[in-house]
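Asker: Got a file for you: query-v2.tsv, TSV, N, CA and C atoms.
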chain	number	residue	atom	x	y	z
A	1	TYR	N	0.83	-1.20	0.00
A	1	TYR	CA	0.00	0.00	0.00
A	1	TYR	C	0.87	1.25	0.00
A	2	TYR	N	1.80	1.32	0.93
A	2	TYR	CA	2.64	2.51	1.03
A	2	TYR	C	3.42	2.75	-0.26
A	3	ALA	N	4.06	1.71	-0.75
A	3	ALA	CA	4.88	1.86	-1.95
A	3	ALA	C	4.04	2.26	-3.16
A	4	PHE	N	2.85	1.72	-3.24
A	4	PHE	CA	2.04	1.97	-4.43
A	4	PHE	C	1.28	3.29	-4.35
A	5	ILE	N	0.61	3.55	-3.24
A	5	ILE	CA	-0.26	4.72	-3.13
A	5	ILE	C	0.48	5.96	-2.61
A	6	LYS	N	1.22	5.79	-1.54
A	6	LYS	CA	1.84	6.94	-0.86
A	6	LYS	C	3.15	7.41	-1.48
A	7	ASN	N	3.86	6.53	-2.12
A	7	ASN	CA	5.19	6.87	-2.62
A	7	ASN	C	5.37	6.32	-4.04
A	8	PRO	N	4.59	6.82	-5.00
A	8	PRO	CA	4.65	6.25	-6.35
A	8	PRO	C	6.00	6.48	-7.02
A	9	ARG	N	6.37	5.53	-7.85
A	9	ARG	CA	7.59	5.62	-8.66
A	9	ARG	C	7.19	6.16	-10.03
A	10	ILE	N	7.64	7.34	-10.35
A	10	ILE	CA	7.30	7.97	-11.62
A	10	ILE	C	8.54	7.99	-12.51
A	11	ASN	N	8.40	7.51	-13.75
A	11	ASN	CA	9.57	7.51	-14.65
A	11	ASN	C	9.71	8.86	-15.36
A	12	SER	N	10.70	8.98	-16.21
A	12	SER	CA	10.99	10.25	-16.88
A	12	SER	C	9.87	10.70	-17.83
A	13	LYS	N	8.98	9.77	-18.19
A	13	LYS	CA	7.86	10.11	-19.08
A	13	LYS	C	6.59	10.41	-18.29
A	14	GLY	N	6.70	10.43	-16.95
A	14	GLY	CA	5.55	10.74	-16.11
A	14	GLY	C	4.67	9.55	-15.80
A	15	MET	N	5.10	8.35	-16.15
A	15	MET	CA	4.30	7.15	-15.91
A	15	MET	C	4.60	6.58	-14.52
A	16	ASP	N	3.54	6.21	-13.81
A	16	ASP	CA	3.70	5.57	-12.50
A	16	ASP	C	4.10	4.12	-12.74
A	17	THR	N	5.31	3.77	-12.35
A	17	THR	CA	5.83	2.41	-12.56
A	17	THR	C	5.85	1.59	-11.27
A	18	SER	N	5.15	2.07	-10.24
A	18	SER	CA	5.17	1.38	-8.94
A	18	SER	C	4.69	-0.06	-9.03
A	19	ALA	N	3.59	-0.29	-9.73
A	19	ALA	CA	3.05	-1.64	-9.83
A	19	ALA	C	4.00	-2.56	-10.59
A	20	ILE	N	4.61	-2.05	-11.63
A	20	ILE	CA	5.56	-2.85	-12.42
A	20	ILE	C	6.75	-3.22	-11.55
A	21	MET	N	7.30	-2.23	-10.87
A	21	MET	CA	8.47	-2.49	-10.03
A	21	MET	C	8.13	-3.43	-8.87
A	22	GLY	N	7.00	-3.20	-8.23
A	22	GLY	CA	6.60	-4.06	-7.12
A	22	GLY	C	6.40	-5.50	-7.55
A	23	PHE	N	5.73	-5.69	-8.68
A	23	PHE	CA	5.52	-7.04	-9.20
A	23	PHE	C	6.84	-7.71	-9.52
A	24	MET	N	7.69	-7.01	-10.25
A	24	MET	CA	8.96	-7.60	-10.67
A	24	MET	C	9.87	-7.90	-9.47
A	25	ASN	N	9.90	-7.02	-8.49
A	25	ASN	CA	10.70	-7.28	-7.28
A	25	ASN	C	10.21	-8.54	-6.58
A	26	SER	N	8.88	-8.69	-6.46
A	26	SER	CA	8.32	-9.88	-5.82
A	26	SER	C	8.65	-11.14	-6.62
A	27	LEU	N	8.48	-11.07	-7.93
A	27	LEU	CA	8.76	-12.21	-8.80
A	27	LEU	C	10.22	-12.63	-8.71
A	28	LEU	N	11.11	-11.67	-8.82
A	28	LEU	CA	12.55	-11.97	-8.76
A	28	LEU	C	12.95	-12.52	-7.39
A	29	ASP	N	12.29	-12.05	-6.34
A	29	ASP	CA	12.56	-12.57	-5.00
A	29	ASP	C	12.17	-14.04	-4.90
A	30	VAL	N	11.00	-14.39	-5.41
A	30	VAL	CA	10.54	-15.79	-5.39
A	30	VAL	C	11.48	-16.66	-6.22
A	31	ILE	N	11.88	-16.19	-7.38
A	31	ILE	CA	12.79	-16.96	-8.24
A	31	ILE	C	14.12	-17.19	-7.52
A	32	LYS	N	14.62	-16.15	-6.89
A	32	LYS	CA	15.91	-16.26	-6.18
A	32	LYS	C	15.82	-17.21	-4.98
A	33	ARG	N	14.75	-17.09	-4.20
A	33	ARG	CA	14.61	-17.90	-2.99
A	33	ARG	C	14.26	-19.36	-3.29
A	34	GLU	N	13.34	-19.58	-4.21
A	34	GLU	CA	12.80	-20.92	-4.42
A	34	GLU	C	13.43	-21.67	-5.59
A	35	LYS	N	14.02	-20.95	-6.52
A	35	LYS	CA	14.64	-21.58	-7.70
A	35	LYS	C	13.69	-22.59	-8.36
A	36	PRO	N	12.51	-22.13	-8.79
A	36	PRO	CA	11.52	-23.06	-9.33
A	36	PRO	C	11.96	-23.69	-10.65
A	37	ASP	N	11.55	-24.95	-10.84
A	37	ASP	CA	11.77	-25.64	-12.11
A	37	ASP	C	10.75	-25.17	-13.16
A	38	HIS	N	9.56	-24.84	-12.69
A	38	HIS	CA	8.48	-24.38	-13.55
A	38	HIS	C	7.88	-23.13	-12.92
A	39	LEU	N	7.44	-22.23	-13.76
A	39	LEU	CA	6.89	-20.97	-13.28
A	39	LEU	C	5.94	-20.41	-14.32
A	40	ALA	N	4.82	-19.89	-13.88
A	40	ALA	CA	3.87	-19.22	-14.77
A	40	ALA	C	3.17	-18.14	-13.97
A	41	VAL	N	2.63	-17.17	-14.66
A	41	VAL	CA	1.89	-16.09	-14.02
A	41	VAL	C	0.49	-16.04	-14.63
A	42	ALA	N	-0.52	-16.03	-13.77
A	42	ALA	CA	-1.91	-16.01	-14.23
A	42	ALA	C	-2.50	-14.61	-14.11
A	43	PHE	N	-3.28	-14.25	-15.12
A	43	PHE	CA	-3.97	-12.96	-15.14
A	43	PHE	C	-5.45	-13.18	-15.42
A	44	ASP	N	-6.28	-12.27	-14.91
A	44	ASP	CA	-7.69	-12.26	-15.29
A	44	ASP	C	-7.78	-11.80	-16.73
A	45	LYS	N	-8.73	-12.36	-17.44
A	45	LYS	CA	-9.00	-11.90	-18.80
A	45	LYS	C	-10.51	-11.83	-18.96
A	46	GLU	N	-11.02	-10.63	-18.94
A	46	GLU	CA	-12.45	-10.40	-19.10
A	46	GLU	C	-13.28	-10.96	-17.95
A	47	GLY	N	-12.68	-11.15	-16.78
A	47	GLY	CA	-13.44	-11.54	-15.60
A	47	GLY	C	-14.14	-12.87	-15.70
A	48	SER	N	-15.00	-13.12	-14.73
A	48	SER	CA	-15.74	-14.38	-14.70
A	48	SER	C	-17.20	-14.12	-15.01
A	49	GLN	N	-17.57	-14.31	-16.25
A	49	GLN	CA	-18.95	-14.10	-16.65
A	49	GLN	C	-19.88	-15.11	-15.99
A	50	VAL	N	-19.40	-16.31	-15.78
A	50	VAL	CA	-20.23	-17.36	-15.18
A	50	VAL	C	-20.66	-16.95	-13.78
A	51	ARG	N	-19.73	-16.47	-12.97
A	51	ARG	CA	-20.07	-16.07	-11.60
A	51	ARG	C	-21.01	-14.87	-11.59
A	52	THR	N	-20.78	-13.92	-12.47
A	52	THR	CA	-21.64	-12.74	-12.52
A	52	THR	C	-23.04	-13.13	-12.96
A	53	GLU	N	-23.16	-14.07	-13.88
A	53	GLU	CA	-24.47	-14.53	-14.32
A	53	GLU	C	-25.20	-15.28	-13.20
A	54	MET	N	-24.45	-16.05	-12.41
A	54	MET	CA	-25.05	-16.81	-11.32
A	54	MET	C	-25.41	-15.92	-10.13
A	55	TYR	N	-24.61	-14.89	-9.91
A	55	TYR	CA	-24.78	-14.05	-8.73
A	55	TYR	C	-24.49	-12.61	-9.14
A	56	SER	N	-25.53	-11.83	-9.37
A	56	SER	CA	-25.36	-10.48	-9.92
A	56	SER	C	-24.54	-9.55	-9.03
A	57	ASP	N	-24.49	-9.82	-7.73
A	57	ASP	CA	-23.71	-8.97	-6.82
A	57	ASP	C	-22.27	-9.43	-6.67
A	58	TYR	N	-21.84	-10.38	-7.49
A	58	TYR	CA	-20.47	-10.88	-7.39
A	58	TYR	C	-19.49	-9.73	-7.56
A	59	LYS	N	-18.66	-9.53	-6.57
A	59	LYS	CA	-17.65	-8.46	-6.52
A	59	LYS	C	-18.24	-7.06	-6.66
A	60	ALA	N	-19.53	-6.92	-6.38
A	60	ALA	CA	-20.19	-5.62	-6.53
A	60	ALA	C	-19.64	-4.58	-5.55
A	61	ASN	N	-19.18	-5.01	-4.39
A	61	ASN	CA	-18.70	-4.07	-3.38
A	61	ASN	C	-17.19	-3.86	-3.43
A	62	ARG	N	-16.53	-4.41	-4.41
A	62	ARG	CA	-15.08	-4.24	-4.53
A	62	ARG	C	-14.75	-2.89	-5.14
A	63	ASP	N	-13.66	-2.30	-4.67
A	63	ASP	CA	-13.17	-1.08	-5.30
A	63	ASP	C	-12.68	-1.42	-6.70
A	64	ALA	N	-12.79	-0.47	-7.57
A	64	ALA	CA	-12.28	-0.66	-8.94
A	64	ALA	C	-10.77	-0.80	-8.90
A	65	THR	N	-10.23	-1.55	-9.83
A	65	THR	CA	-8.77	-1.69	-9.94
A	65	THR	C	-8.19	-0.31	-10.25
A	66	PRO	N	-7.18	0.12	-9.47
A	66	PRO	CA	-6.58	1.42	-9.75
A	66	PRO	C	-6.07	1.51	-11.19
A	67	GLU	N	-6.22	2.66	-11.78
A	67	GLU	CA	-5.83	2.88	-13.18
A	67	GLU	C	-4.36	2.56	-13.41
A	68	ALA	N	-3.51	2.90	-12.44
A	68	ALA	CA	-2.06	2.64	-12.59
A	68	ALA	C	-1.78	1.15	-12.73
A	69	ILE	N	-2.58	0.32	-12.06
A	69	ILE	CA	-2.39	-1.13	-12.17
A	69	ILE	C	-2.87	-1.61	-13.53
A	70	LYS	N	-4.02	-1.11	-13.97
A	70	LYS	CA	-4.51	-1.49	-15.30
A	70	LYS	C	-3.49	-1.14	-16.38
A	71	ILE	N	-2.89	0.03	-16.26
A	71	ILE	CA	-1.90	0.47	-17.24
A	71	ILE	C	-0.65	-0.40	-17.16
A	72	ALA	N	-0.29	-0.86	-15.95
A	72	ALA	CA	0.94	-1.62	-15.75
A	72	ALA	C	0.88	-3.04	-16.33
A	73	ILE	N	-0.30	-3.64	-16.39
A	73	ILE	CA	-0.40	-5.05	-16.77
A	73	ILE	C	0.24	-5.36	-18.13
A	74	PRO	N	-0.02	-4.61	-19.19
A	74	PRO	CA	0.66	-4.94	-20.46
A	74	PRO	C	2.18	-4.86	-20.37
A	75	TYR	N	2.69	-3.92	-19.59
A	75	TYR	CA	4.14	-3.80	-19.42
A	75	TYR	C	4.70	-5.01	-18.66
A	76	ILE	N	3.97	-5.42	-17.62
A	76	ILE	CA	4.38	-6.60	-16.86
A	76	ILE	C	4.38	-7.82	-17.77
A	77	GLN	N	3.34	-7.96	-18.58
A	77	GLN	CA	3.27	-9.10	-19.50
A	77	GLN	C	4.40	-9.07	-20.52
A	78	ASP	N	4.77	-7.89	-20.99
A	78	ASP	CA	5.92	-7.77	-21.90
A	78	ASP	C	7.20	-8.24	-21.22
A	79	LEU	N	7.38	-7.87	-19.96
A	79	LEU	CA	8.57	-8.30	-19.22
A	79	LEU	C	8.58	-9.81	-19.03
A	80	LEU	N	7.41	-10.38	-18.72
A	80	LEU	CA	7.32	-11.83	-18.55
A	80	LEU	C	7.66	-12.56	-19.85
A	81	ARG	N	7.16	-12.05	-20.96
A	81	ARG	CA	7.48	-12.66	-22.26
A	81	ARG	C	8.98	-12.58	-22.53
A	82	ALA	N	9.59	-11.44	-22.21
A	82	ALA	CA	11.03	-11.28	-22.41
A	82	ALA	C	11.83	-12.26	-21.55
A	83	MET	N	11.26	-12.63	-20.40
A	83	MET	CA	11.91	-13.58	-19.49
A	83	MET	C	11.52	-15.02	-19.80
A	84	HIS	N	10.69	-15.21	-20.84
A	84	HIS	CA	10.20	-16.54	-21.24
A	84	HIS	C	9.41	-17.21	-20.11
A	85	ILE	N	8.65	-16.41	-19.37
A	85	ILE	CA	7.78	-16.93	-18.32
A	85	ILE	C	6.37	-17.01	-18.91
A	86	PRO	N	5.76	-18.20	-18.90
A	86	PRO	CA	4.43	-18.34	-19.48
A	86	PRO	C	3.39	-17.48	-18.76
A	87	ILE	N	2.50	-16.92	-19.56
A	87	ILE	CA	1.36	-16.15	-19.06
A	87	ILE	C	0.13	-17.02	-19.27
A	88	ILE	N	-0.63	-17.20	-18.20
A	88	ILE	CA	-1.83	-18.03	-18.28
A	88	ILE	C	-3.04	-17.13	-18.07
A	89	GLU	N	-3.95	-17.14	-19.03
A	89	GLU	CA	-5.20	-16.41	-18.92
A	89	GLU	C	-6.22	-17.06	-19.83
A	90	MET	N	-7.48	-16.94	-19.45
A	90	MET	CA	-8.55	-17.54	-20.24
A	90	MET	C	-9.78	-16.64	-20.15
A	91	ALA	N	-10.31	-16.27	-21.28
A	91	ALA	CA	-11.49	-15.42	-21.31
A	91	ALA	C	-12.62	-16.04	-20.48
A	92	GLY	N	-13.24	-15.21	-19.66
A	92	GLY	CA	-14.35	-15.67	-18.84
A	92	GLY	C	-13.95	-16.42	-17.59
A	93	CYS	N	-12.67	-16.56	-17.35
A	93	CYS	CA	-12.17	-17.32	-16.20
A	93	CYS	C	-11.22	-16.43	-15.41
A	94	GLU	N	-11.38	-16.40	-14.10
A	94	GLU	CA	-10.50	-15.59	-13.27
A	94	GLU	C	-9.17	-16.28	-13.04
A	95	ALA	N	-8.15	-15.48	-12.83
A	95	ALA	CA	-6.81	-16.01	-12.54
A	95	ALA	C	-6.86	-16.93	-11.31
A	96	ASP	N	-7.67	-16.58	-10.32
A	96	ASP	CA	-7.79	-17.40	-9.12
A	96	ASP	C	-8.17	-18.84	-9.46
A	97	ASP	N	-9.13	-18.98	-10.36
A	97	ASP	CA	-9.59	-20.31	-10.75
A	97	ASP	C	-8.51	-21.07	-11.51
A	98	LEU	N	-7.79	-20.37	-12.36
A	98	LEU	CA	-6.70	-21.00	-13.10
A	98	LEU	C	-5.61	-21.48	-12.15
A	99	ILE	N	-5.24	-20.63	-11.21
A	99	ILE	CA	-4.20	-20.98	-10.24
A	99	ILE	C	-4.63	-22.19	-9.42
A	100	GLY	N	-5.85	-22.17	-8.92
A	100	GLY	CA	-6.34	-23.29	-8.12
A	100	GLY	C	-6.36	-24.60	-8.88
A	101	THR	N	-6.84	-24.55	-10.11
A	101	THR	CA	-6.90	-25.76	-10.95
A	101	THR	C	-5.51	-26.30	-11.24
A	102	ILE	N	-4.60	-25.41	-11.63
A	102	ILE	CA	-3.23	-25.84	-11.95
A	102	ILE	C	-2.53	-26.37	-10.70
A	103	ALA	N	-2.74	-25.72	-9.57
A	103	ALA	CA	-2.11	-26.17	-8.32
A	103	ALA	C	-2.54	-27.59	-7.98
A	104	LYS	N	-3.83	-27.85	-8.07
A	104	LYS	CA	-4.33	-29.19	-7.74
A	104	LYS	C	-3.85	-30.24	-8.76
A	105	GLN	N	-3.82	-29.88	-10.03
A	105	GLN	CA	-3.32	-30.82	-11.05
A	105	GLN	C	-1.84	-31.12	-10.84
A	106	ALA	N	-1.07	-30.09	-10.54
A	106	ALA	CA	0.37	-30.28	-10.31
A	106	ALA	C	0.62	-31.12	-9.07
A	107	GLU	N	-0.19	-30.91	-8.05
A	107	GLU	CA	-0.05	-31.70	-6.82
A	107	GLU	C	-0.27	-33.19	-7.12
A	108	LYS	N	-1.25	-33.50	-7.97
A	108	LYS	CA	-1.51	-34.89	-8.34
A	108	LYS	C	-0.33	-35.52	-9.06
A	109	GLU	N	0.48	-34.67	-9.70
A	109	GLU	CA	1.68	-35.15	-10.41
A	109	GLU	C	2.91	-35.09	-9.51
A	110	ASN	N	2.68	-34.92	-8.21
A	110	ASN	CA	3.74	-34.90	-7.19
A	110	ASN	C	4.69	-33.70	-7.26
A	111	TYR	N	4.21	-32.59	-7.79
A	111	TYR	CA	4.99	-31.36	-7.77
A	111	TYR	C	4.73	-30.62	-6.46
A	112	LYS	N	5.71	-29.87	-6.01
A	112	LYS	CA	5.50	-28.90	-4.94
A	112	LYS	C	5.06	-27.62	-5.63
A	113	VAL	N	4.00	-27.01	-5.12
A	113	VAL	CA	3.41	-25.84	-5.76
A	113	VAL	C	3.47	-24.66	-4.80
A	114	TYR	N	3.93	-23.54	-5.32
A	114	TYR	CA	3.99	-22.30	-4.54
A	114	TYR	C	3.10	-21.27	-5.22
A	115	MET	N	2.03	-20.89	-4.54
A	115	MET	CA	1.13	-19.86	-5.06
A	115	MET	C	1.54	-18.55	-4.39
A	116	VAL	N	1.82	-17.54	-5.18
A	116	VAL	CA	2.24	-16.25	-4.63
A	116	VAL	C	1.06	-15.30	-4.78
A	117	THR	N	0.42	-14.99	-3.66
A	117	THR	CA	-0.78	-14.16	-3.68
A	117	THR	C	-1.09	-13.65	-2.27
A	118	PRO	N	-1.64	-12.45	-2.16
A	118	PRO	CA	-2.10	-11.98	-0.85
A	118	PRO	C	-3.54	-12.42	-0.56
A	119	ASP	N	-4.18	-13.10	-1.50
A	119	ASP	CA	-5.59	-13.49	-1.38
A	119	ASP	C	-5.75	-14.65	-0.40
A	120	LYS	N	-6.41	-14.38	0.71
A	120	LYS	CA	-6.59	-15.40	1.76
A	120	LYS	C	-7.44	-16.58	1.30
A	121	ASP	N	-8.23	-16.40	0.25
A	121	ASP	CA	-9.05	-17.50	-0.26
A	121	ASP	C	-8.21	-18.70	-0.70
A	122	PHE	N	-6.96	-18.45	-1.06
A	122	PHE	CA	-6.09	-19.54	-1.50
A	122	PHE	C	-5.67	-20.46	-0.36
A	123	ALA	N	-5.87	-20.03	0.87
A	123	ALA	CA	-5.48	-20.86	2.02
A	123	ALA	C	-6.19	-22.21	1.99
A	124	GLN	N	-7.37	-22.28	1.41
A	124	GLN	CA	-8.10	-23.55	1.35
A	124	GLN	C	-7.40	-24.59	0.47
A	125	LEU	N	-6.48	-24.15	-0.37
A	125	LEU	CA	-5.75	-25.07	-1.24
A	125	LEU	C	-4.46	-25.59	-0.62
A	126	VAL	N	-4.01	-24.95	0.45
A	126	VAL	CA	-2.74	-25.32	1.08
A	126	VAL	C	-2.80	-26.76	1.57
A	127	SER	N	-1.73	-27.50	1.27
A	127	SER	CA	-1.65	-28.90	1.66
A	127	SER	C	-0.18	-29.24	1.88
A	128	GLU	N	0.10	-30.52	1.95
A	128	GLU	CA	1.47	-30.98	2.14
A	128	GLU	C	2.39	-30.52	1.00
A	129	ASN	N	1.82	-30.40	-0.21
A	129	ASN	CA	2.63	-30.02	-1.38
A	129	ASN	C	2.22	-28.71	-2.04
A	130	ILE	N	1.23	-28.03	-1.48
A	130	ILE	CA	0.81	-26.73	-2.02
A	130	ILE	C	1.02	-25.68	-0.93
A	131	PHE	N	1.81	-24.68	-1.27
A	131	PHE	CA	2.18	-23.63	-0.32
A	131	PHE	C	1.70	-22.28	-0.83
A	132	MET	N	1.57	-21.35	0.10
A	132	MET	CA	1.10	-20.02	-0.25
A	132	MET	C	2.07	-18.98	0.28
A	133	TYR	N	2.52	-18.11	-0.60
A	133	TYR	CA	3.35	-16.96	-0.22
A	133	TYR	C	2.51	-15.71	-0.40
A	134	LYS	N	2.62	-14.80	0.55
A	134	LYS	CA	1.87	-13.54	0.42
A	134	LYS	C	2.75	-12.48	-0.17
Let's see the structure in the file written out as structure tokens.
Answerer:
Amino acid sequence: YYAFIKNPRINSKGMDTSAIMGFMNSLLDVIKREKPDHLAVAFDKEGSQVRTEMYSDYKANRDATPEAIKIAIPYIQDLLRAMHIPIIEMAGCEADDLIGTIAKQAEKENYKVYMVTPDKDFAQLVSENIFMYK
């Protein structure tokens, strides 16, 4: 919160790069600490139409995504592509669902899975081989 809202990083072109820098610092920290054999990053793509159709108030009380984060996502994805890190997204499906599905499938194949997210909902997936980093 402090780094993003209170102390934004502005580049020479006037663009707030706080979200890009924060994401990349976190990603590089995980890579350095865990040295993963496999790594991917999941993004929302057009939200979850199914959930909204089933429950019209789904995420109705959530604050809108800050504009600086929306602007940062394509830049983050460009950096991930340059690093040859797969980007996982599916129209109509939230990143949360993709992460949960992949984590459970990987666990069945005896992989250790590290989900990097501040979302407490992921705690329900934690097991002997599925871990959560905030």
Asker: DSSP on the backbone, then: every residue of region 15-126 of chain A marked strand (DSSP E or B), written as a VMD selection string.
Answerer: chain A and resid 16 41 to 42 45 87 to 88 90 93 113 to 116
Asker: So that I can check the surroundings of region 18-20 of chain A, please list as a list of chain:residue names every protein, DNA and RNA residue that reaches within 6.5 Å of it, counting only N, CA and C atoms and ignoring chain neighbours fewer than 3 positions away.
Answerer: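 Once the adjacent positions are removed, what remains is A:Ala3, A:Phe4, A:Pro8, A:Arg9, A:Ile10, A:Met15, A:Phe23, A:Met24, A:Asn25, A:Ala68, A:Ile69, A:Ala72, A:Ile76.
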Asker: One decimal, in Å: what's the spacing between atom C of Ile87 (chain A) and CA of Phe43 (chain A)?
Answerer: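 CA of Phe43 (chain A) lies 7.1 Å from atom C of Ile87 (chain A).
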Asker: Any idea what the distance is between CA of Ile99 (chain A) and CA of Glu46 (chain A)?
Answerer: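 Interatomic distance here is 16.1 Å.
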Asker: Taking the DSSP secondary structure from the backbone, can you list the residues of chain A that are alpha helix (DSSP H), as a ChimeraX atom specification?
Answerer: /A:18-34,49-54,67-82,95-108
Asker: Quick one: what's the axis-aligned box for region 102-116 of chain A, all listed atoms, 5 Å on every side, centre and edges in Å to one decimal, as lines of an AutoDock Vina configuration file?
Answerer:
center_x = 0.6
center_y = -25.4
center_z = -8.2
size_x = 20.3
size_y = 30.2
size_z = 17.6
Asker: Could you jot down the CA of Ala42 (chain A) to CA of Ala95 (chain A) separation for me, Å, one decimal place?
Answerer: 5.2 Å
Asker: Smallest atom-to-atom distance to Gly100 (chain A): which of A:Met83, A:Ile73, A:Ile130, A:Leu39, using only C-alpha atoms?
Answerer: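 The closest residue to Gly100 (chain A) is A:Ile130.
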Asker: Nearest residue to Met132 (chain A) out of A:Lys70, A:Val30, A:Met90, A:Leu79, using only C-alpha atoms?
Answerer: A:Val30
Asker: Name all residues at most 7 Å from region 107-122 of chain A (count only C-alpha atoms; drop same-chain ones fewer than 4 positions away) and give them as a VMD selection string.
Answerer: chain A and resid 103 129 to 134
Asker: Between A:Glu89, A:Leu80, A:Asp97, A:Lys13, single out the one closest to Leu27 (chain A), counting only C-alpha atoms.
Answerer: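 The shortest atom-to-atom distance to Leu27 (chain A) comes from A:Leu80.
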